[in-house]
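Raw run_8.cif, mmCIF, C-alpha atoms and all ligand atoms; chains and numbers go by the auth columns:
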```cif
data_protein
loop_
_atom_site.group_PDB
_atom_site.id
_atom_site.type_symbol
_atom_site.label_atom_id
_atom_site.label_comp_id
_atom_site.label_asym_id
_atom_site.label_seq_id
_atom_site.Cartn_x
_atom_site.Cartn_y
_atom_site.Cartn_z
_atom_site.B_iso_or_equiv
_atom_site.auth_seq_id
_atom_site.auth_asym_id
ATOM 1 C CA MET A 1 12.940 -24.759 -180.342 0.00 155 A
ATOM 2 C CA LYS A 2 13.430 -22.205 -183.113 0.00 156 A
ATOM 3 C CA PHE A 3 16.115 -19.565 -183.436 0.00 157 A
ATOM 4 C CA ILE A 4 16.805 -16.256 -185.078 0.00 158 A
ATOM 5 C CA ALA A 5 20.430 -15.240 -185.506 0.00 159 A
ATOM 6 C CA ASP A 6 21.801 -11.732 -185.855 0.00 160 A
ATOM 7 C CA GLY A 7 23.775 -10.660 -188.945 0.00 161 A
ATOM 8 C CA MET A 8 27.133 -11.454 -187.322 0.00 162 A
ATOM 9 C CA LEU A 9 26.293 -15.107 -186.751 0.00 163 A
ATOM 10 C CA GLY A 10 25.934 -16.246 -190.371 0.00 164 A
ATOM 11 C CA LYS A 11 28.365 -19.129 -189.907 0.00 165 A
ATOM 12 C CA LEU A 12 26.752 -20.373 -186.723 0.00 166 A
ATOM 13 C CA MET A 13 23.367 -20.155 -188.462 0.00 167 A
ATOM 14 C CA ARG A 14 24.634 -22.506 -191.212 0.00 168 A
ATOM 15 C CA TRP A 15 25.954 -24.995 -188.667 0.00 169 A
ATOM 16 C CA LEU A 16 22.716 -25.022 -186.716 0.00 170 A
ATOM 17 C CA ARG A 17 20.679 -25.562 -189.886 0.00 171 A
ATOM 18 C CA MET A 18 22.933 -28.484 -190.852 0.00 172 A
ATOM 19 C CA LEU A 19 22.330 -29.895 -187.368 0.00 173 A
ATOM 20 C CA GLY A 20 18.606 -29.756 -188.120 0.00 174 A
ATOM 21 C CA HIS A 21 17.524 -26.556 -186.404 0.00 175 A
ATOM 22 C CA ASN A 22 15.128 -23.951 -187.693 0.00 176 A
ATOM 23 C CA VAL A 23 17.135 -20.712 -187.759 0.00 177 A
ATOM 24 C CA LYS A 24 15.823 -17.533 -189.309 0.00 178 A
ATOM 25 C CA TYR A 25 18.539 -15.241 -190.617 0.00 179 A
ATOM 26 C CA SER A 26 18.959 -12.121 -192.652 0.00 180 A
ATOM 27 C CA ASN A 27 21.762 -9.619 -192.393 0.00 181 A
ATOM 28 C CA LYS A 28 19.299 -6.884 -193.366 0.00 182 A
ATOM 29 C CA LEU A 29 17.301 -6.944 -190.125 0.00 183 A
ATOM 30 C CA ASP A 30 17.963 -4.230 -187.549 0.00 184 A
ATOM 31 C CA ASP A 31 17.899 -4.790 -183.798 0.00 185 A
ATOM 32 C CA ALA A 32 14.253 -3.785 -183.386 0.00 186 A
ATOM 33 C CA GLN A 33 13.192 -6.151 -186.194 0.00 187 A
ATOM 34 C CA LEU A 34 15.207 -9.038 -184.742 0.00 188 A
ATOM 35 C CA ILE A 35 13.550 -8.562 -181.365 0.00 189 A
ATOM 36 C CA ALA A 36 10.068 -8.195 -182.910 0.00 190 A
ATOM 37 C CA ILE A 37 10.411 -11.396 -184.987 0.00 191 A
ATOM 38 C CA ALA A 38 11.842 -13.346 -182.052 0.00 192 A
ATOM 39 C CA LYS A 39 8.902 -12.296 -179.946 0.00 193 A
ATOM 40 C CA LYS A 40 6.211 -12.894 -182.580 0.00 194 A
ATOM 41 C CA GLU A 41 7.522 -16.265 -183.757 0.00 195 A
ATOM 42 C CA ARG A 42 8.756 -17.369 -180.315 0.00 196 A
ATOM 43 C CA ARG A 43 12.300 -17.745 -181.551 0.00 197 A
ATOM 44 C CA ILE A 44 15.381 -17.667 -179.368 0.00 198 A
ATOM 45 C CA LEU A 45 17.562 -14.751 -180.406 0.00 199 A
ATOM 46 C CA LEU A 46 21.215 -15.646 -180.878 0.00 200 A
ATOM 47 C CA THR A 47 23.406 -12.582 -180.905 0.00 201 A
ATOM 48 C CA ARG A 48 27.013 -11.540 -180.774 0.00 202 A
ATOM 49 C CA ASP A 49 25.975 -8.073 -179.629 0.00 203 A
ATOM 50 C CA LEU A 50 25.811 -7.673 -175.857 0.00 204 A
ATOM 51 C CA GLU A 51 23.645 -4.561 -176.096 0.00 205 A
ATOM 52 C CA LEU A 52 21.105 -6.339 -178.313 0.00 206 A
ATOM 53 C CA TYR A 53 21.129 -9.298 -175.934 0.00 207 A
ATOM 54 C CA GLN A 54 20.307 -6.978 -173.021 0.00 208 A
ATOM 55 C CA GLN A 55 17.589 -5.137 -174.965 0.00 209 A
ATOM 56 C CA ALA A 56 15.947 -8.413 -175.996 0.00 210 A
ATOM 57 C CA THR A 57 16.048 -9.838 -172.487 0.00 211 A
ATOM 58 C CA ALA A 58 14.552 -6.630 -171.078 0.00 212 A
ATOM 59 C CA LYS A 59 11.666 -7.053 -173.530 0.00 213 A
ATOM 60 C CA GLY A 60 10.995 -10.597 -172.392 0.00 214 A
ATOM 61 C CA VAL A 61 12.567 -12.267 -175.432 0.00 215 A
ATOM 62 C CA GLN A 62 14.650 -15.354 -174.789 0.00 216 A
ATOM 63 C CA ALA A 63 18.127 -14.514 -176.017 0.00 217 A
ATOM 64 C CA PHE A 64 21.602 -15.969 -175.854 0.00 218 A
ATOM 65 C CA TYR A 65 24.839 -14.026 -176.096 0.00 219 A
ATOM 66 C CA VAL A 66 27.241 -15.989 -178.316 0.00 220 A
ATOM 67 C CA ASN A 67 30.772 -14.694 -177.895 0.00 221 A
ATOM 68 C CA GLY A 68 33.026 -17.616 -178.896 0.00 222 A
ATOM 69 C CA GLN A 69 36.273 -17.012 -180.787 0.00 223 A
ATOM 70 C CA THR A 70 35.804 -19.984 -183.128 0.00 224 A
ATOM 71 C CA GLN A 71 32.877 -21.842 -184.669 0.00 225 A
ATOM 72 C CA ALA A 72 33.636 -24.832 -182.434 0.00 226 A
ATOM 73 C CA GLU A 73 33.444 -22.572 -179.379 0.00 227 A
ATOM 74 C CA ASN A 74 30.137 -21.073 -180.502 0.00 228 A
ATOM 75 C CA LEU A 75 28.702 -24.520 -181.197 0.00 229 A
ATOM 76 C CA ALA A 76 29.871 -25.757 -177.793 0.00 230 A
ATOM 77 C CA LYS A 77 28.176 -22.800 -176.084 0.00 231 A
ATOM 78 C CA VAL A 78 24.799 -23.242 -177.805 0.00 232 A
ATOM 79 C CA SER A 79 25.008 -26.997 -177.329 0.00 233 A
ATOM 80 C CA GLN A 80 25.562 -26.583 -173.585 0.00 234 A
ATOM 81 C CA LYS A 81 22.878 -23.959 -173.245 0.00 235 A
ATOM 82 C CA PHE A 82 20.141 -25.644 -175.302 0.00 236 A
ATOM 83 C CA GLY A 83 21.144 -29.304 -175.205 0.00 237 A
ATOM 84 C CA ILE A 84 21.809 -29.347 -178.941 0.00 238 A
ATOM 85 C CA CYS A 85 23.168 -32.623 -180.290 0.00 239 A
ATOM 86 C CA LEU A 86 26.433 -32.072 -182.161 0.00 240 A
ATOM 87 C CA ASP A 87 25.987 -34.906 -184.665 0.00 241 A
ATOM 88 C CA ILE A 88 24.566 -34.245 -188.101 0.00 242 A
ATOM 89 C CA ASP A 89 21.568 -36.451 -188.828 0.00 243 A
ATOM 90 C CA MET A 90 20.775 -36.139 -192.537 0.00 244 A
ATOM 91 C CA ALA A 91 17.165 -37.152 -191.826 0.00 245 A
ATOM 92 C CA LYS A 92 16.762 -33.831 -189.990 0.00 246 A
ATOM 93 C CA SER A 93 19.392 -31.681 -191.666 0.00 247 A
ATOM 94 C CA ARG A 94 18.366 -28.398 -193.284 0.00 248 A
ATOM 95 C CA CYS A 95 19.811 -26.618 -196.283 0.00 249 A
ATOM 96 C CA PRO A 96 22.265 -24.054 -194.840 0.00 250 A
ATOM 97 C CA LYS A 97 21.102 -21.582 -197.479 0.00 251 A
ATOM 98 C CA CYS A 98 17.308 -21.979 -197.267 0.00 252 A
ATOM 99 C CA ASN A 99 16.484 -23.343 -193.776 0.00 253 A
ATOM 100 C CA VAL A 100 14.399 -26.085 -195.454 0.00 254 A
ATOM 101 C CA GLN A 101 14.839 -29.791 -194.654 0.00 255 A
ATOM 102 C CA VAL A 102 16.856 -31.647 -197.286 0.00 256 A
ATOM 103 C CA LYS A 103 15.404 -34.823 -198.809 0.00 257 A
ATOM 104 C CA PRO A 104 17.185 -37.975 -199.932 0.00 258 A
ATOM 105 C CA ILE A 105 17.460 -38.178 -203.712 0.00 259 A
ATOM 106 C CA PRO A 106 18.175 -41.409 -205.615 0.00 260 A
ATOM 107 C CA LYS A 107 21.676 -41.578 -207.024 0.00 261 A
ATOM 108 C CA GLU A 108 20.492 -41.960 -210.627 0.00 262 A
ATOM 109 C CA LYS A 109 18.763 -38.589 -210.437 0.00 263 A
ATOM 110 C CA VAL A 110 21.924 -36.638 -209.647 0.00 264 A
ATOM 111 C CA ALA A 111 24.042 -37.957 -212.536 0.00 265 A
ATOM 112 C CA ASP A 112 23.867 -34.673 -214.437 0.00 266 A
ATOM 113 C CA LYS A 113 23.955 -32.488 -211.337 0.00 267 A
ATOM 114 C CA VAL A 114 27.304 -33.415 -209.770 0.00 268 A
ATOM 115 C CA GLU A 115 30.862 -33.933 -210.994 0.00 269 A
ATOM 116 C CA LYS A 116 31.606 -37.351 -212.550 0.00 270 A
ATOM 117 C CA SER A 117 34.109 -38.227 -209.826 0.00 271 A
ATOM 118 C CA THR A 118 31.594 -37.345 -207.097 0.00 272 A
ATOM 119 C CA PHE A 119 28.977 -39.492 -208.787 0.00 273 A
ATOM 120 C CA ALA A 120 31.410 -42.392 -209.065 0.00 274 A
ATOM 121 C CA TYR A 121 32.596 -42.176 -205.479 0.00 275 A
ATOM 122 C CA TYR A 122 29.443 -41.483 -203.436 0.00 276 A
ATOM 123 C CA ASN A 123 26.121 -43.287 -203.207 0.00 277 A
ATOM 124 C CA GLU A 124 24.023 -41.160 -200.895 0.00 278 A
ATOM 125 C CA PHE A 125 22.752 -37.763 -201.939 0.00 279 A
ATOM 126 C CA TRP A 126 20.289 -35.223 -200.616 0.00 280 A
ATOM 127 C CA GLU A 127 18.542 -32.358 -202.339 0.00 281 A
ATOM 128 C CA CYS A 128 17.149 -29.084 -201.037 0.00 282 A
ATOM 129 C CA PRO A 129 13.544 -28.890 -202.273 0.00 283 A
ATOM 130 C CA LYS A 130 13.776 -25.106 -202.407 0.00 284 A
ATOM 131 C CA CYS A 131 17.075 -24.254 -204.115 0.00 285 A
ATOM 132 C CA GLY A 132 17.844 -27.649 -205.669 0.00 286 A
ATOM 133 C CA GLN A 133 21.329 -27.812 -204.165 0.00 287 A
ATOM 134 C CA ILE A 134 22.649 -31.396 -203.992 0.00 288 A
ATOM 135 C CA TYR A 135 24.465 -32.483 -200.833 0.00 289 A
ATOM 136 C CA TRP A 136 26.671 -35.483 -200.137 0.00 290 A
ATOM 137 C CA GLN A 137 29.113 -36.398 -197.414 0.00 291 A
ATOM 138 C CA GLY A 138 32.203 -35.698 -199.459 0.00 292 A
ATOM 139 C CA ALA A 139 35.802 -34.806 -198.663 0.00 293 A
ATOM 140 C CA HIS A 140 34.715 -31.593 -196.915 0.00 294 A
ATOM 141 C CA TRP A 141 32.898 -33.800 -194.428 0.00 295 A
ATOM 142 C CA THR A 142 36.181 -34.586 -192.648 0.00 296 A
ATOM 143 C CA ARG A 143 36.504 -30.920 -191.719 0.00 297 A
ATOM 144 C CA ILE A 144 32.862 -30.737 -190.644 0.00 298 A
ATOM 145 C CA ARG A 145 33.274 -33.767 -188.353 0.00 299 A
ATOM 146 C CA LYS A 146 36.486 -32.355 -186.919 0.00 300 A
ATOM 147 C CA THR A 147 34.831 -29.062 -185.979 0.00 301 A
ATOM 148 C CA LEU A 148 31.943 -30.947 -184.382 0.00 302 A
ATOM 149 C CA GLU A 149 34.347 -33.187 -182.435 0.00 303 A
ATOM 150 C CA THR A 150 36.193 -30.108 -181.146 0.00 304 A
ATOM 151 C CA ALA A 151 32.865 -28.544 -180.178 0.00 305 A
ATOM 152 C CA LYS A 152 31.888 -31.713 -178.306 0.00 306 A
ATOM 153 C CA GLU A 153 35.144 -31.711 -176.365 0.00 307 A
ATOM 154 C CA LEU A 154 34.685 -28.040 -175.457 0.00 308 A
ATOM 155 C CA SER A 155 31.074 -28.543 -174.405 0.00 309 A
ATOM 156 C CA GLN A 156 32.091 -31.289 -171.996 0.00 310 A
ATOM 157 C CA LYS A 157 34.465 -28.987 -170.111 0.00 311 A
HETATM 158 ZN ZN ZN B . 18.364 -24.738 -200.286 0.00 401 B
#
```

As C-alpha cells, how would this structure be written, given the file I've shared?
Ligand SMILES: [Zn+2]
Amino acid sequence: MKFIADGMLGKLMRWLRMLGHNVKYSNKLDDAQLIAIAKKERRILLTRDLELYQQATAKGVQAFYVNGQTQAENLAKVSQKFGICLDIDMAKSRCPKCNVQVKPIPKEKVADKVEKSTFAYYNEFWECPKCGQIYWQGAHWTRIRKTLETAKELSQK
C-alpha cells in the first residue's frame, strides 16, 4: 500500500511516513500529475480537494478524500479506511522529510550530532540514510503520542 498526497496534506504525509508508510509528496505537482503518478505507481491518492478526488476516481485511480479539521481526525479517517496502525514502530518508520526508512544508529556515533543534554538523556537513536537527520524519542514524543491516542479514540467511534 503506497500513497501520494496532494500539496495540502503535507502534515498528514509526515505522520504517515513516521508510521512507516511510503508517501510520495511534492507541493509542485498539479492535479493531472498527481493522478498520472498515482496511476503509474499504483499509489492511493490522498486529497483534500473534492474535485480532484472525483477526477481521480473517474479515471480509475484509487483515491481518498481527507477532510478532517485536525491531524488526529485525518489520521483517524485514513486509519479506518486503510486499516493503518496508529502506533509508531521505529523499525518501520520513515524520515518525514525523505520518505526513506530510518536506521538505528549506535549512541556513540551521535555524540557530535545532537545536543549534550539529549545525548546524556537518551540511549536510542535513528538516522535517515538520505539526509542524515538524527531522530530520538525526546520530549516532543509526548505530543506525538497524544495525537495518536486521540486519533485512535476517534477511529473507534
Ligand atoms: Zn531524511

Spatial neighbours of segment 167-170 of chain A, 8 Å, only C-alpha atoms, chain gap at least 6 places, as JSON, numbers by chain: {"A": [159, 176, 177, 179, 229, 250, 251]}

For the interface of chain A with ligand ZN 401 (chain B) (cut-off 12 Å, counting only C-alpha atoms and all ligand atoms), please tabulate each contacting residue of chain A alongside its nearest pair of atoms and their separation in Å to one decimal, rows sorted by chain and increasing number, as a Markdown table.
```
| residue | atom | partner | partner_atom | distance |
| --- | --- | --- | --- | --- |
| A:Arg168 | CA | B:ZN401 | ZN | 11.3 |
| A:Arg171 | CA | B:ZN401 | ZN | 10.7 |
| A:Met172 | CA | B:ZN401 | ZN | 11.1 |
| A:Ser247 | CA | B:ZN401 | ZN | 11.1 |
| A:Arg248 | CA | B:ZN401 | ZN | 7.9 |
| A:Cys249 | CA | B:ZN401 | ZN | 4.7 |
| A:Pro250 | CA | B:ZN401 | ZN | 6.7 |
| A:Lys251 | CA | B:ZN401 | ZN | 5.0 |
| A:Cys252 | CA | B:ZN401 | ZN | 4.2 |
| A:Asn253 | CA | B:ZN401 | ZN | 6.9 |
| A:Val254 | CA | B:ZN401 | ZN | 6.4 |
| A:Gln255 | CA | B:ZN401 | ZN | 8.3 |
| A:Val256 | CA | B:ZN401 | ZN | 7.7 |
| A:Lys257 | CA | B:ZN401 | ZN | 10.6 |
| A:Trp280 | CA | B:ZN401 | ZN | 10.7 |
| A:Glu281 | CA | B:ZN401 | ZN | 7.9 |
| A:Cys282 | CA | B:ZN401 | ZN | 4.6 |
| A:Pro283 | CA | B:ZN401 | ZN | 6.7 |
| A:Lys284 | CA | B:ZN401 | ZN | 5.1 |
| A:Cys285 | CA | B:ZN401 | ZN | 4.1 |
| A:Gly286 | CA | B:ZN401 | ZN | 6.1 |
| A:Gln287 | CA | B:ZN401 | ZN | 5.8 |
| A:Ile288 | CA | B:ZN401 | ZN | 8.7 |
| A:Tyr289 | CA | B:ZN401 | ZN | 9.9 |
```

Would you kindly return, as a ChimeraX atom specification, each protein, DNA or RNA residue with an atom no farther than 12 Å from any atom of segment 214-219 of chain A, considering all atoms listed in the file and excluding same-chain residues fewer than 2 positions away? /A:155-160,162-163,186,188-212,221-222,228,231-236

I'd like to see the residues matched by the PyMOL selection byres (((chain A and resi 311) around 12) and not hetatm) on this file, and ideally I'd get them as a short mmCIF file (atom, residue, chain, number, x, y, z; two decimals) with C-alpha atoms, in the frame of the given file.
```
data_model
loop_
_atom_site.label_atom_id
_atom_site.label_comp_id
_atom_site.auth_asym_id
_atom_site.auth_seq_id
_atom_site.Cartn_x
_atom_site.Cartn_y
_atom_site.Cartn_z
CA GLU A 227 33.44 -22.57 -179.38
CA ALA A 230 29.87 -25.76 -177.79
CA LYS A 231 28.18 -22.80 -176.08
CA GLN A 234 25.56 -26.58 -173.58
CA THR A 304 36.19 -30.11 -181.15
CA ALA A 305 32.86 -28.54 -180.18
CA LYS A 306 31.89 -31.71 -178.31
CA GLU A 307 35.14 -31.71 -176.36
CA LEU A 308 34.68 -28.04 -175.46
CA SER A 309 31.07 -28.54 -174.40
CA GLN A 310 32.09 -31.29 -172.00
#
```

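We find atom CA of Lys263 of chain A and atom CA of Glu278 of chain A to be spaced 11.2 Å apart.
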
Add whatever atoms are absent from segment 217-228 of chain A to reach all heavy atoms, and provide the output as a short mmCIF file (atom, residue, chain, number, x, y, z; two decimals), in the coordinates of the input.
```cif
data_model
loop_
_atom_site.label_atom_id
_atom_site.label_comp_id
_atom_site.auth_asym_id
_atom_site.auth_seq_id
_atom_site.Cartn_x
_atom_site.Cartn_y
_atom_site.Cartn_z
N ALA A 217 16.96 -14.82 -175.19
CA ALA A 217 18.13 -14.51 -176.02
C ALA A 217 19.36 -15.18 -175.44
O ALA A 217 19.41 -15.52 -174.26
CB ALA A 217 18.33 -13.01 -176.09
N PHE A 218 20.35 -15.38 -176.31
CA PHE A 218 21.60 -15.97 -175.85
C PHE A 218 22.75 -15.20 -176.49
O PHE A 218 22.78 -14.98 -177.71
CB PHE A 218 21.65 -17.46 -176.23
CG PHE A 218 22.85 -18.17 -175.67
CD1 PHE A 218 23.11 -18.19 -174.31
CD2 PHE A 218 23.70 -18.86 -176.52
CE1 PHE A 218 24.22 -18.85 -173.79
CE2 PHE A 218 24.82 -19.53 -176.00
CZ PHE A 218 25.07 -19.53 -174.65
N TYR A 219 23.68 -14.79 -175.65
CA TYR A 219 24.84 -14.03 -176.10
C TYR A 219 25.94 -15.02 -176.50
O TYR A 219 26.44 -15.76 -175.66
CB TYR A 219 25.28 -13.11 -174.95
CG TYR A 219 26.53 -12.32 -175.20
CD1 TYR A 219 26.68 -11.56 -176.36
CD2 TYR A 219 27.55 -12.29 -174.26
CE1 TYR A 219 27.83 -10.81 -176.57
CE2 TYR A 219 28.70 -11.54 -174.46
CZ TYR A 219 28.83 -10.82 -175.62
OH TYR A 219 29.97 -10.08 -175.82
N VAL A 220 26.26 -15.02 -177.79
CA VAL A 220 27.24 -15.99 -178.32
C VAL A 220 28.55 -15.26 -178.58
O VAL A 220 28.64 -14.46 -179.53
CB VAL A 220 26.73 -16.62 -179.64
CG1 VAL A 220 27.63 -17.75 -180.07
CG2 VAL A 220 25.30 -17.13 -179.49
N ASN A 221 29.54 -15.48 -177.75
CA ASN A 221 30.77 -14.69 -177.90
C ASN A 221 32.02 -15.54 -178.09
O ASN A 221 33.11 -15.15 -177.71
CB ASN A 221 30.94 -13.79 -176.67
CG ASN A 221 31.07 -14.61 -175.39
OD1 ASN A 221 30.80 -15.81 -175.39
ND2 ASN A 221 31.47 -13.98 -174.30
N GLY A 222 31.86 -16.74 -178.67
CA GLY A 222 33.03 -17.62 -178.90
C GLY A 222 34.00 -17.03 -179.92
O GLY A 222 33.62 -16.23 -180.75
N GLN A 223 35.25 -17.49 -179.85
CA GLN A 223 36.27 -17.01 -180.79
C GLN A 223 36.31 -17.87 -182.05
O GLN A 223 36.82 -17.44 -183.08
CB GLN A 223 37.66 -17.06 -180.11
CG GLN A 223 37.79 -16.15 -178.90
CD GLN A 223 37.50 -14.70 -179.23
OE1 GLN A 223 38.08 -14.14 -180.16
NE2 GLN A 223 36.58 -14.09 -178.50
N THR A 224 35.80 -19.09 -181.97
CA THR A 224 35.80 -19.98 -183.13
C THR A 224 34.41 -20.58 -183.29
O THR A 224 33.59 -20.50 -182.38
CB THR A 224 36.78 -21.16 -182.91
OG1 THR A 224 36.34 -21.92 -181.77
CG2 THR A 224 38.20 -20.69 -182.67
N GLN A 225 34.17 -21.20 -184.45
CA GLN A 225 32.88 -21.84 -184.67
C GLN A 225 32.67 -22.98 -183.67
O GLN A 225 31.57 -23.17 -183.16
CB GLN A 225 32.77 -22.38 -186.10
CG GLN A 225 32.59 -21.30 -187.14
CD GLN A 225 31.54 -20.28 -186.74
OE1 GLN A 225 30.41 -20.62 -186.42
NE2 GLN A 225 31.92 -19.01 -186.75
N ALA A 226 33.76 -23.73 -183.39
CA ALA A 226 33.64 -24.83 -182.43
C ALA A 226 33.22 -24.30 -181.06
O ALA A 226 32.38 -24.90 -180.38
CB ALA A 226 34.96 -25.59 -182.35
N GLU A 227 33.80 -23.16 -180.68
CA GLU A 227 33.44 -22.57 -179.38
C GLU A 227 31.98 -22.14 -179.35
O GLU A 227 31.26 -22.38 -178.38
CB GLU A 227 34.31 -21.35 -179.12
CG GLU A 227 35.44 -21.60 -178.12
CD GLU A 227 36.24 -20.33 -177.88
OE1 GLU A 227 35.68 -19.33 -177.39
OE2 GLU A 227 37.43 -20.36 -178.23
N ASN A 228 31.54 -21.50 -180.43
CA ASN A 228 30.14 -21.07 -180.50
C ASN A 228 29.20 -22.27 -180.45
O ASN A 228 28.18 -22.24 -179.74
CB ASN A 228 29.88 -20.29 -181.80
CG ASN A 228 30.38 -18.85 -181.71
OD1 ASN A 228 30.66 -18.35 -180.62
ND2 ASN A 228 30.48 -18.21 -182.84
#
```
